[in-house]
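The next block is structure-v3.txt, given as compact mmCIF, C-alpha atoms (C1' of nucleotides).
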# COMPACT_ATOMS: atom_id res chain seq x y z
CA MET A 1045 -69.77 13.77 17.18
CA PRO A 1046 -66.53 11.89 16.87
CA THR A 1047 -66.04 13.54 13.48
CA ASP A 1048 -65.61 16.94 15.02
CA THR A 1049 -61.87 17.45 14.91
CA THR A 1050 -61.87 21.04 16.03
CA SER A 1051 -63.32 21.24 19.48
CA ALA A 1052 -62.80 17.93 21.15
CA ARG A 1053 -59.37 17.08 19.95
CA ALA A 1054 -56.32 18.81 21.21
CA PRO A 1055 -54.78 21.37 18.91
CA SER A 1056 -51.84 19.45 17.54
CA GLY A 1057 -51.45 16.16 19.36
CA PRO A 1058 -53.00 13.30 17.44
CA ARG A 1059 -54.20 11.40 20.44
CA SER A 1060 -56.59 13.12 22.71
CA LEU A 1061 -59.60 11.95 24.64
CA GLU A 1062 -63.00 13.50 25.03
CA HIS A 1063 -64.08 14.35 28.51
CA PRO A 1064 -67.43 15.78 29.48
CA ASP A 1065 -67.43 19.28 30.89
CA ARG A 1066 -68.09 19.46 34.55
CA ALA A 1067 -71.48 20.97 33.93
CA ASP A 1068 -72.44 18.03 31.74
CA ILE A 1069 -71.78 15.39 34.32
CA ARG A 1070 -75.00 13.73 35.45
CA LEU A 1071 -75.51 11.97 38.73
CA ALA A 1072 -77.29 9.00 37.22
CA GLU A 1073 -74.44 8.49 34.79
CA VAL A 1074 -71.82 8.71 37.47
CA LEU A 1075 -73.69 6.15 39.52
CA HIS A 1076 -74.06 3.98 36.49
CA ALA A 1077 -70.35 4.18 35.83
CA LEU A 1078 -69.66 3.15 39.39
CA ALA A 1079 -72.24 0.40 39.44
CA ASP A 1080 -69.96 -2.31 38.17
CA PRO A 1081 -67.59 -4.38 40.26
CA MET A 1082 -64.79 -4.06 37.77
CA ARG A 1083 -65.09 -0.31 37.53
CA LEU A 1084 -65.41 -0.03 41.26
CA ARG A 1085 -62.09 -1.79 41.51
CA ILE A 1086 -60.55 0.61 39.07
CA VAL A 1087 -61.85 3.61 40.93
CA ARG A 1088 -60.64 2.27 44.23
CA ALA A 1089 -57.20 1.69 42.78
CA LEU A 1090 -57.10 5.19 41.35
CA ALA A 1091 -58.20 6.65 44.65
CA ALA A 1092 -55.59 4.67 46.55
CA ALA A 1093 -52.75 5.76 44.28
CA GLU A 1094 -53.41 9.44 44.57
CA GLY A 1095 -51.39 10.17 41.49
CA GLU A 1096 -52.08 8.79 38.11
CA LEU A 1097 -52.01 5.21 37.08
CA ASN A 1098 -51.30 3.38 33.94
CA CYS A 1099 -54.05 1.10 32.74
CA ALA A 1100 -51.80 -1.88 33.15
CA ASP A 1101 -51.04 -0.97 36.75
CA ILE A 1102 -54.44 -2.19 37.77
CA GLU A 1103 -54.74 -5.90 37.56
CA LEU A 1104 -58.11 -6.91 36.29
CA PRO A 1105 -59.32 -10.38 35.42
CA VAL A 1106 -60.56 -9.29 32.02
CA SER A 1107 -59.13 -8.91 28.57
CA LYS A 1108 -57.40 -5.79 27.41
CA SER A 1109 -60.27 -4.67 25.25
CA THR A 1110 -62.72 -5.05 28.09
CA CYS A 1111 -60.40 -3.02 30.22
CA THR A 1112 -60.36 -0.27 27.63
CA HIS A 1113 -64.13 -0.38 27.60
CA HIS A 1114 -64.43 0.15 31.34
CA PHE A 1115 -61.98 2.99 31.35
CA ARG A 1116 -63.88 4.63 28.60
CA VAL A 1117 -67.16 4.33 30.45
CA LEU A 1118 -65.59 5.94 33.48
CA ARG A 1119 -64.14 8.74 31.38
CA GLU A 1120 -67.23 9.42 29.30
CA HIS A 1121 -69.36 9.66 32.40
CA GLY A 1122 -67.00 12.08 34.05
CA VAL A 1123 -65.50 9.89 36.74
CA ILE A 1124 -61.91 9.78 35.58
CA ARG A 1125 -59.59 11.81 33.45
CA GLN A 1126 -57.31 10.17 30.93
CA LEU A 1127 -54.42 11.54 29.03
CA TYR A 1128 -51.67 10.08 26.99
CA ARG A 1129 -48.17 10.20 28.25
CA GLY A 1130 -45.98 8.67 25.68
CA THR A 1131 -47.14 5.20 24.92
CA ALA A 1132 -49.01 4.82 28.14
CA LYS A 1133 -52.26 6.39 29.22
CA MET A 1134 -52.50 7.88 32.62
CA ASN A 1135 -55.73 7.76 34.55
CA GLY A 1136 -56.82 9.88 37.44
CA LEU A 1137 -60.01 10.41 39.37
CA ARG A 1138 -61.78 13.69 38.70
CA ARG A 1139 -62.02 14.33 42.39
CA GLU A 1140 -62.23 18.08 42.22
CA ASP A 1141 -64.97 18.19 39.66
CA LEU A 1142 -66.99 15.52 41.37
CA GLU A 1143 -66.48 17.08 44.75
CA GLU A 1144 -67.70 20.38 43.42
CA LEU A 1145 -70.74 18.85 41.79
CA PHE A 1146 -71.68 16.24 44.36
CA PRO A 1147 -69.88 16.95 47.62
CA GLY A 1148 -69.13 13.85 49.57
CA LEU A 1149 -70.49 11.47 47.01
CA ILE A 1150 -67.26 9.95 45.80
CA ASP A 1151 -65.85 9.69 49.27
CA GLY A 1152 -69.03 7.98 50.37
CA VAL A 1153 -68.85 5.49 47.57
CA LEU A 1154 -65.17 4.83 48.14
CA ARG A 1155 -65.75 4.38 51.83
CA ALA A 1156 -68.63 2.03 51.16
CA ALA A 1157 -66.49 0.06 48.74
CA ASP A 1158 -63.72 -0.22 51.32
CA LEU A 1159 -66.14 -1.36 53.97
CA GLN A 1160 -67.66 -3.95 51.73
CA ALA A 1161 -64.28 -5.18 50.57
CA GLY A 1162 -63.28 -5.59 54.20
CA ARG A 1163 -66.42 -7.53 54.99
CA LEU A 1164 -66.23 -9.75 51.97
CA GLY A 1165 -62.49 -10.16 51.87
CA GLU A 1166 -61.98 -11.48 55.38
CA GLU A 1167 -65.07 -13.45 56.03
CA MET B 1391 -90.63 -19.59 40.28
CA PRO B 1392 -93.91 -17.76 40.10
CA THR B 1393 -95.67 -21.11 40.19
CA ASP B 1394 -94.22 -21.91 43.57
CA THR B 1395 -96.89 -20.80 45.97
CA THR B 1396 -95.28 -22.24 49.07
CA SER B 1397 -91.84 -20.73 49.55
CA ALA B 1398 -91.89 -17.26 48.14
CA ARG B 1399 -95.16 -16.26 49.60
CA ALA B 1400 -95.64 -15.53 53.24
CA PRO B 1401 -97.18 -18.25 55.42
CA SER B 1402 -100.73 -17.05 55.57
CA GLY B 1403 -100.92 -13.70 53.85
CA PRO B 1404 -101.24 -14.20 50.17
CA ARG B 1405 -99.20 -11.20 49.19
CA SER B 1406 -95.69 -10.82 50.47
CA LEU B 1407 -92.54 -9.50 48.91
CA GLU B 1408 -89.02 -10.82 49.00
CA HIS B 1409 -86.34 -8.56 50.33
CA PRO B 1410 -82.64 -9.28 50.48
CA ASP B 1411 -81.09 -9.65 53.90
CA ARG B 1412 -78.97 -6.78 54.93
CA ALA B 1413 -75.86 -8.90 54.62
CA ASP B 1414 -76.72 -9.73 51.05
CA ILE B 1415 -76.91 -6.16 49.86
CA ARG B 1416 -74.07 -5.32 47.50
CA LEU B 1417 -72.74 -1.88 46.82
CA ALA B 1418 -72.59 -2.33 43.06
CA GLU B 1419 -76.21 -3.41 43.03
CA VAL B 1420 -77.33 -0.50 45.14
CA LEU B 1421 -75.53 1.88 42.85
CA HIS B 1422 -77.04 0.17 39.87
CA ALA B 1423 -80.49 0.50 41.36
CA LEU B 1424 -79.88 4.19 41.91
CA ALA B 1425 -78.34 4.76 38.50
CA ASP B 1426 -81.57 5.47 36.73
CA PRO B 1427 -83.31 8.83 36.59
CA MET B 1428 -86.71 7.31 37.23
CA ARG B 1429 -85.56 5.37 40.24
CA LEU B 1430 -83.64 8.33 41.51
CA ARG B 1431 -86.89 10.25 41.43
CA ILE B 1432 -88.62 7.53 43.35
CA VAL B 1433 -85.93 7.42 45.97
CA ARG B 1434 -85.97 11.17 46.36
CA ALA B 1435 -89.71 11.13 46.81
CA LEU B 1436 -89.48 8.40 49.40
CA ALA B 1437 -86.78 10.25 51.25
CA ALA B 1438 -88.78 13.47 51.21
CA ALA B 1439 -91.89 11.82 52.57
CA GLU B 1440 -90.23 10.28 55.54
CA GLY B 1441 -93.06 7.92 56.06
CA GLU B 1442 -94.25 5.43 53.54
CA LEU B 1443 -95.66 6.17 50.16
CA ASN B 1444 -98.07 4.52 47.90
CA CYS B 1445 -96.79 3.72 44.45
CA ALA B 1446 -99.34 6.03 42.94
CA ASP B 1447 -98.25 8.90 45.16
CA ILE B 1448 -95.21 9.38 43.02
CA GLU B 1449 -96.00 10.76 39.65
CA LEU B 1450 -93.85 9.20 37.01
CA PRO B 1451 -94.06 9.66 33.28
CA VAL B 1452 -94.14 5.94 32.63
CA SER B 1453 -96.75 3.24 32.49
CA LYS B 1454 -97.88 1.41 35.56
CA SER B 1455 -96.09 -1.77 34.65
CA THR B 1456 -92.84 0.08 34.17
CA CYS B 1457 -93.39 1.67 37.52
CA THR B 1458 -93.81 -1.72 39.12
CA HIS B 1459 -90.61 -2.80 37.44
CA HIS B 1460 -88.61 0.07 38.95
CA PHE B 1461 -89.99 -0.50 42.40
CA ARG B 1462 -89.06 -4.12 42.15
CA VAL B 1463 -85.51 -3.31 41.12
CA LEU B 1464 -85.17 -1.02 44.09
CA ARG B 1465 -86.56 -3.64 46.42
CA GLU B 1466 -84.55 -6.55 45.08
CA HIS B 1467 -81.34 -4.60 45.38
CA GLY B 1468 -82.08 -3.63 48.93
CA VAL B 1469 -82.83 0.05 48.53
CA ILE B 1470 -86.47 0.10 49.55
CA ARG B 1471 -88.86 -1.97 51.57
CA GLN B 1472 -92.33 -2.74 50.31
CA LEU B 1473 -95.27 -4.19 52.06
CA TYR B 1474 -98.92 -4.49 51.31
CA ARG B 1475 -101.37 -2.51 53.29
CA GLY B 1476 -104.76 -3.32 52.04
CA THR B 1477 -104.97 -2.78 48.35
CA ALA B 1478 -102.10 -0.39 48.22
CA LYS B 1479 -98.43 -1.11 48.60
CA MET B 1480 -96.39 1.05 50.88
CA ASN B 1481 -92.81 1.82 50.05
CA GLY B 1482 -90.09 3.06 52.31
CA LEU B 1483 -86.36 3.57 52.07
CA ARG B 1484 -84.24 1.05 53.92
CA ARG B 1485 -82.32 3.85 55.53
CA GLU B 1486 -81.23 1.97 58.61
CA ASP B 1487 -79.88 -1.02 56.75
CA LEU B 1488 -78.12 1.09 54.18
CA GLU B 1489 -76.74 3.41 56.80
CA GLU B 1490 -75.37 0.47 58.70
CA LEU B 1491 -73.80 -1.05 55.61
CA PHE B 1492 -72.61 2.05 53.83
CA PRO B 1493 -72.63 4.98 56.21
CA GLY B 1494 -73.29 8.25 54.48
CA LEU B 1495 -73.80 6.76 51.08
CA ILE B 1496 -77.51 7.29 50.73
CA ASP B 1497 -77.38 10.74 52.20
CA GLY B 1498 -74.61 11.59 49.79
CA VAL B 1499 -76.60 10.37 46.84
CA LEU B 1500 -79.74 12.15 47.97
CA ARG B 1501 -77.85 15.35 48.54
CA ALA B 1502 -76.25 15.04 45.12
CA ALA B 1503 -79.63 14.45 43.56
CA ASP B 1504 -81.05 17.50 45.29
CA LEU B 1505 -78.16 19.64 44.15
CA GLN B 1506 -78.45 18.47 40.60
CA ALA B 1507 -82.20 18.93 40.57
CA GLY B 1508 -81.68 22.45 41.81
CA ARG B 1509 -79.15 23.17 39.12
CA LEU B 1510 -81.15 21.66 36.33
CA GLY B 1511 -84.56 22.74 37.49
CA GLU B 1512 -84.00 26.46 37.76
CA GLU B 1513 -81.60 27.22 35.01
C1' DG C 537 -121.34 -11.31 45.12
C1' DC C 538 -119.95 -7.67 41.86
C1' DA C 539 -117.50 -3.82 40.33
C1' DG C 540 -113.70 -0.79 40.83
C1' DT C 541 -108.97 0.13 41.96
C1' DC C 542 -104.19 -0.94 42.72
C1' DA C 543 -100.66 -3.51 41.52
C1' DT C 544 -98.48 -7.89 39.28
C1' DA C 545 -97.43 -11.17 35.66
C1' DC C 546 -96.27 -12.14 31.24
C1' DG C 547 -94.92 -11.57 26.59
C1' DA C 548 -92.86 -8.57 23.26
C1' DT C 549 -89.48 -5.40 21.74
C1' DA C 550 -85.82 -2.34 21.14
C1' DA C 551 -81.81 -0.76 23.09
C1' DG C 552 -77.85 -1.25 26.01
C1' DT C 553 -73.94 -3.84 28.32
C1' DG C 554 -69.93 -6.84 29.43
C1' DT C 555 -67.15 -9.78 27.40
C1' DC C 556 -64.10 -11.56 23.96
C1' DG C 557 -60.76 -12.00 19.86
C1' DT C 558 -58.53 -10.12 16.11
C1' DA C 559 -56.82 -6.46 13.49
C1' DC C 560 -55.00 -1.89 13.74
C1' DT C 561 -52.61 2.53 15.29
C1' DA C 562 -49.31 5.30 17.98
C1' DC C 563 -45.23 5.83 20.35
C1' DG C 564 -40.45 4.78 22.01
C1' DG C 565 -36.13 2.51 21.61
C1' DT C 566 -32.69 0.04 19.15
C1' DA D 364 -36.17 1.95 9.53
C1' DC D 365 -37.80 -1.71 12.24
C1' DC D 366 -39.81 -4.04 16.16
C1' DG D 367 -42.12 -4.40 20.48
C1' DT D 368 -45.38 -2.59 23.64
C1' DA D 369 -49.65 -0.11 25.07
C1' DG D 370 -53.88 0.81 23.89
C1' DT D 371 -58.04 1.31 20.40
C1' DA D 372 -61.49 -0.07 17.00
C1' DC D 373 -64.61 -3.14 15.38
C1' DG D 374 -67.54 -6.90 15.03
C1' DA D 375 -69.71 -10.67 17.49
C1' DC D 376 -72.12 -12.69 21.12
C1' DA D 377 -75.06 -13.59 25.07
C1' DC D 378 -77.30 -11.28 28.56
C1' DT D 379 -79.70 -7.60 30.72
C1' DT D 380 -82.79 -3.63 30.78
C1' DA D 381 -86.49 -0.14 30.11
C1' DT D 382 -90.51 0.20 28.12
C1' DC D 383 -95.16 -1.02 26.77
C1' DG D 384 -99.91 -3.36 26.48
C1' DT D 385 -102.98 -6.63 27.95
C1' DA D 386 -104.56 -10.01 31.00
C1' DT D 387 -104.76 -11.46 35.86
C1' DG D 388 -104.93 -11.35 40.79
C1' DA D 389 -106.02 -9.07 45.50
C1' DC D 390 -108.46 -6.18 48.30
C1' DT D 391 -112.43 -2.55 49.48
C1' DG D 392 -116.89 -1.03 49.37
C1' DC D 393 -121.44 -1.16 47.69

Show me this structure written as structure tokens.
Amino acid sequence: MPTDTTSARAPSGPRSLEHPDRADIRLAEVLHALADPMRLRIVRALAAAEGELNCADIELPVSKSTCTHHFRVLREHGVIRQLYRGTAKMNGLRREDLEELFPGLIDGVLRAADLQAGRLGEE
Amino acid sequence: MPTDTTSARAPSGPRSLEHPDRADIRLAEVLHALADPMRLRIVRALAAAEGELNCADIELPVSKSTCTHHFRVLREHGVIRQLYRGTAKMNGLRREDLEELFPGLIDGVLRAADLQAGRLGEE
DNA sequence: GCAGTCATACGATAAGTGTCGTACTACGGT
DNA sequence: ACCGTAGTACGACACTTATCGTATGACTGC
């Protein structure tokens, strides 16, 4: 499906990213996307900075290509939204969509992640 | 380690299962355990039947060995508790432990699963 | 004690995942 | 027009996973 240049890609802009429609987001996939420490970090960072963040704003102990990979997983499973803004790519949580689909889920996960980080960080 | 008959197995009873301590349960692992449609089904069934369920009580479209595999994943990641009761094995959600660790998380996931099942089941 | 039932163990397999490095593309500024 | 920066694509790799089938072990009841 990456060869379809009509529907998924933005009209004129050369760089555009595919995002699943809200109705296509599946719980198991969202959980899968969140079930990785690195991606959990990313999501926490995005939630903390309520606006949008550059990829490089989140310090991760992995290479750039791995970072790209994780962001893509999050985007393709409907957890974040990405769009280009000049040379950078801004990332934001899809809070509204997720809240509509699975009320309370994201907040629960974020809260759990905070709790665990507190427990593990100051032991 | 399956050859070690002294440590892993309970003192007298021949059949005993290892469960992680509550403090050893990790959010990413719980999410991973839940991030599979088959396991999500299992967890929903266990939550619905508030008591304990036999493995065979949950109809799954997979072989018995695969079923065992999924139950083990859930147990090893701290989502369910299993114990032998005669020839059967009873399974129950570790609601208390999970609620203590990650308040609201399991309920959020279960609610999300119900919502999605409703959406997908009666379309 | 023997057979039946429930579940496990083990091996196999195919597919998926996280990670990396290198090569490449897109954009913005000089 | 060129260079630097931000991010992607691609191939490689080791590891994990979901699945199965068959063989094995544990308990119940006859």

I'd like the contact shell of DA386 in chain D - 10 Å cut-off, all atoms listed in the file, skipping same-chain residues fewer than 2 positions apart - returned as a ChimeraX atom specification.
/C:545-546 /D:384,388

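Here CA of Leu1450 in chain B and CA of Met1428 in chain B stand 7.4 Å from one another.
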
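Using all atoms listed in the file, the nearest neighbour of DG552 in chain C within the list D:DT368, D:DT385, D:DT391, D:DT380 is D:DT380.
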
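Residues lying within 7 Å of Gly1152 in chain A, counting all atoms listed in the file and ignoring same-chain neighbours fewer than 4 positions away, are Gly1148 and Ala1156 of chain A; Gly1494, Leu1495 and Gly1498 of chain B.
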
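Between CA of His1422 in chain B and CA of Ala1437 in chain B the separation is 18.1 Å.
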
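Here chain B has been superposed onto chain A using all C-alpha atoms in order, and the two differ by 1.2 Å RMSD.
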
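From C1' of DT544 in chain C back to CA of Leu1500 in chain B, the distance works out to 28.8 Å.
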
Task: Shell of 8 Å around Ala1072 in chain A, all atoms listed in the file, local chain residues under 5 positions omitted, as a ChimeraX atom specification - done: /B:1424-1427,1430

- Task: Give the residues of chain A that lie within 12 Å of chain B; count only C-alpha atoms, and format the answer as an MDAnalysis selection string.
- Result: chainID A and resid 1067:1085 1121 1142:1164 1167

Okay, now the selection with C-alpha atoms, as a JSON list (two decimals), in the frame of the given file?
[["chain", "number", "residue", "atom", "x", "y", "z"],
["A", 1067, "ALA", "CA", -71.48, 20.97, 33.93],
["A", 1068, "ASP", "CA", -72.44, 18.03, 31.74],
["A", 1069, "ILE", "CA", -71.78, 15.39, 34.32],
["A", 1070, "ARG", "CA", -75.00, 13.73, 35.45],
["A", 1071, "LEU", "CA", -75.51, 11.97, 38.73],
["A", 1072, "ALA", "CA", -77.29, 9.00, 37.22],
["A", 1073, "GLU", "CA", -74.44, 8.49, 34.79],
["A", 1074, "VAL", "CA", -71.82, 8.71, 37.47],
["A", 1075, "LEU", "CA", -73.69, 6.15, 39.52],
["A", 1076, "HIS", "CA", -74.06, 3.98, 36.49],
["A", 1077, "ALA", "CA", -70.35, 4.18, 35.83],
["A", 1078, "LEU", "CA", -69.66, 3.15, 39.39],
["A", 1079, "ALA", "CA", -72.24, 0.40, 39.44],
["A", 1080, "ASP", "CA", -69.96, -2.31, 38.17],
["A", 1081, "PRO", "CA", -67.59, -4.38, 40.26],
["A", 1082, "MET", "CA", -64.79, -4.06, 37.77],
["A", 1083, "ARG", "CA", -65.09, -0.31, 37.53],
["A", 1084, "LEU", "CA", -65.41, -0.03, 41.26],
["A", 1085, "ARG", "CA", -62.09, -1.79, 41.51],
["A", 1121, "HIS", "CA", -69.36, 9.66, 32.40],
["A", 1142, "LEU", "CA", -66.99, 15.52, 41.37],
["A", 1143, "GLU", "CA", -66.48, 17.08, 44.75],
["A", 1144, "GLU", "CA", -67.70, 20.38, 43.42],
["A", 1145, "LEU", "CA", -70.74, 18.85, 41.79],
["A", 1146, "PHE", "CA", -71.68, 16.24, 44.36],
["A", 1147, "PRO", "CA", -69.88, 16.95, 47.62],
["A", 1148, "GLY", "CA", -69.13, 13.85, 49.57],
["A", 1149, "LEU", "CA", -70.49, 11.47, 47.01],
["A", 1150, "ILE", "CA", -67.26, 9.95, 45.80],
["A", 1151, "ASP", "CA", -65.85, 9.69, 49.27],
["A", 1152, "GLY", "CA", -69.03, 7.98, 50.37],
["A", 1153, "VAL", "CA", -68.85, 5.49, 47.57],
["A", 1154, "LEU", "CA", -65.17, 4.83, 48.14],
["A", 1155, "ARG", "CA", -65.75, 4.38, 51.83],
["A", 1156, "ALA", "CA", -68.63, 2.03, 51.16],
["A", 1157, "ALA", "CA", -66.49, 0.06, 48.74],
["A", 1158, "ASP", "CA", -63.72, -0.22, 51.32],
["A", 1159, "LEU", "CA", -66.14, -1.36, 53.97],
["A", 1160, "GLN", "CA", -67.66, -3.95, 51.73],
["A", 1161, "ALA", "CA", -64.28, -5.18, 50.57],
["A", 1162, "GLY", "CA", -63.28, -5.59, 54.20],
["A", 1163, "ARG", "CA", -66.42, -7.53, 54.99],
["A", 1164, "LEU", "CA", -66.23, -9.75, 51.97],
["A", 1167, "GLU", "CA", -65.07, -13.45, 56.03]]

Starting from 4 Å padding per side, set up an axis-aligned box that covers all listed atoms of range 537-547 of chain C and hand over centre and edge lengths in Å, one decimal, as JSON.
{"center_x": -108.1, "center_y": -6.0, "center_z": 35.9, "size_x": 34.4, "size_y": 20.3, "size_z": 26.5}

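Selected on chain A by distance to chain C: Pro1058, Arg1059, Asp1080, Val1106, Ser1107, Lys1108, Ser1109, Thr1110, Cys1111, His1113, His1114, Arg1129, Gly1130, Thr1131 and Ala1132 of chain A (within 10 Å, counting all atoms listed in the file).
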
(request) Mind checking which residues fall within 6 Å of range 1441-1445 of chain B, counting only C-alpha atoms (C1' of nucleotides), ignoring those fewer than 6 positions away in the same chain, and posting them as a count of residues only? (result) 4

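Minimum atom-to-atom distances from A:Gly1165, A:Thr1112, A:Ile1124, A:Leu1118 to DA372 in chain D were compared using all atoms listed in the file, and the lowest value belongs to A:Thr1112.
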
Review point. Any idea which chain D residues end up within 10 Å of chain B if we count all atoms listed in the file, as a ChimeraX atom specification please?
Key: /D:381-384,389-391

Requested write-out: C-alpha atoms (C1' of nucleotides) of the selected residues, as a CSV table (one decimal), in the frame of the given file:
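selection-v9.csv written:
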chain,number,residue,atom,x,y,z
D,381,DA,C1',-86.5,-0.1,30.1
D,382,DT,C1',-90.5,0.2,28.1
D,383,DC,C1',-95.2,-1.0,26.8
D,384,DG,C1',-99.9,-3.4,26.5
D,389,DA,C1',-106.0,-9.1,45.5
D,390,DC,C1',-108.5,-6.2,48.3
D,391,DT,C1',-112.4,-2.6,49.5

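Minimum atom-to-atom distances from D:DC378, D:DG370, D:DC393, D:DA364 to Arg1116 in chain A were compared using only C-alpha atoms (C1' of nucleotides), and the lowest value belongs to D:DG370.
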
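Of the residues under consideration (B:Glu1440, B:Arg1465, B:Tyr1474, B:Asp1487), B:Arg1465 shows the shortest atom-to-atom contact distance to Glu1408 in chain B when counting only C-alpha atoms.
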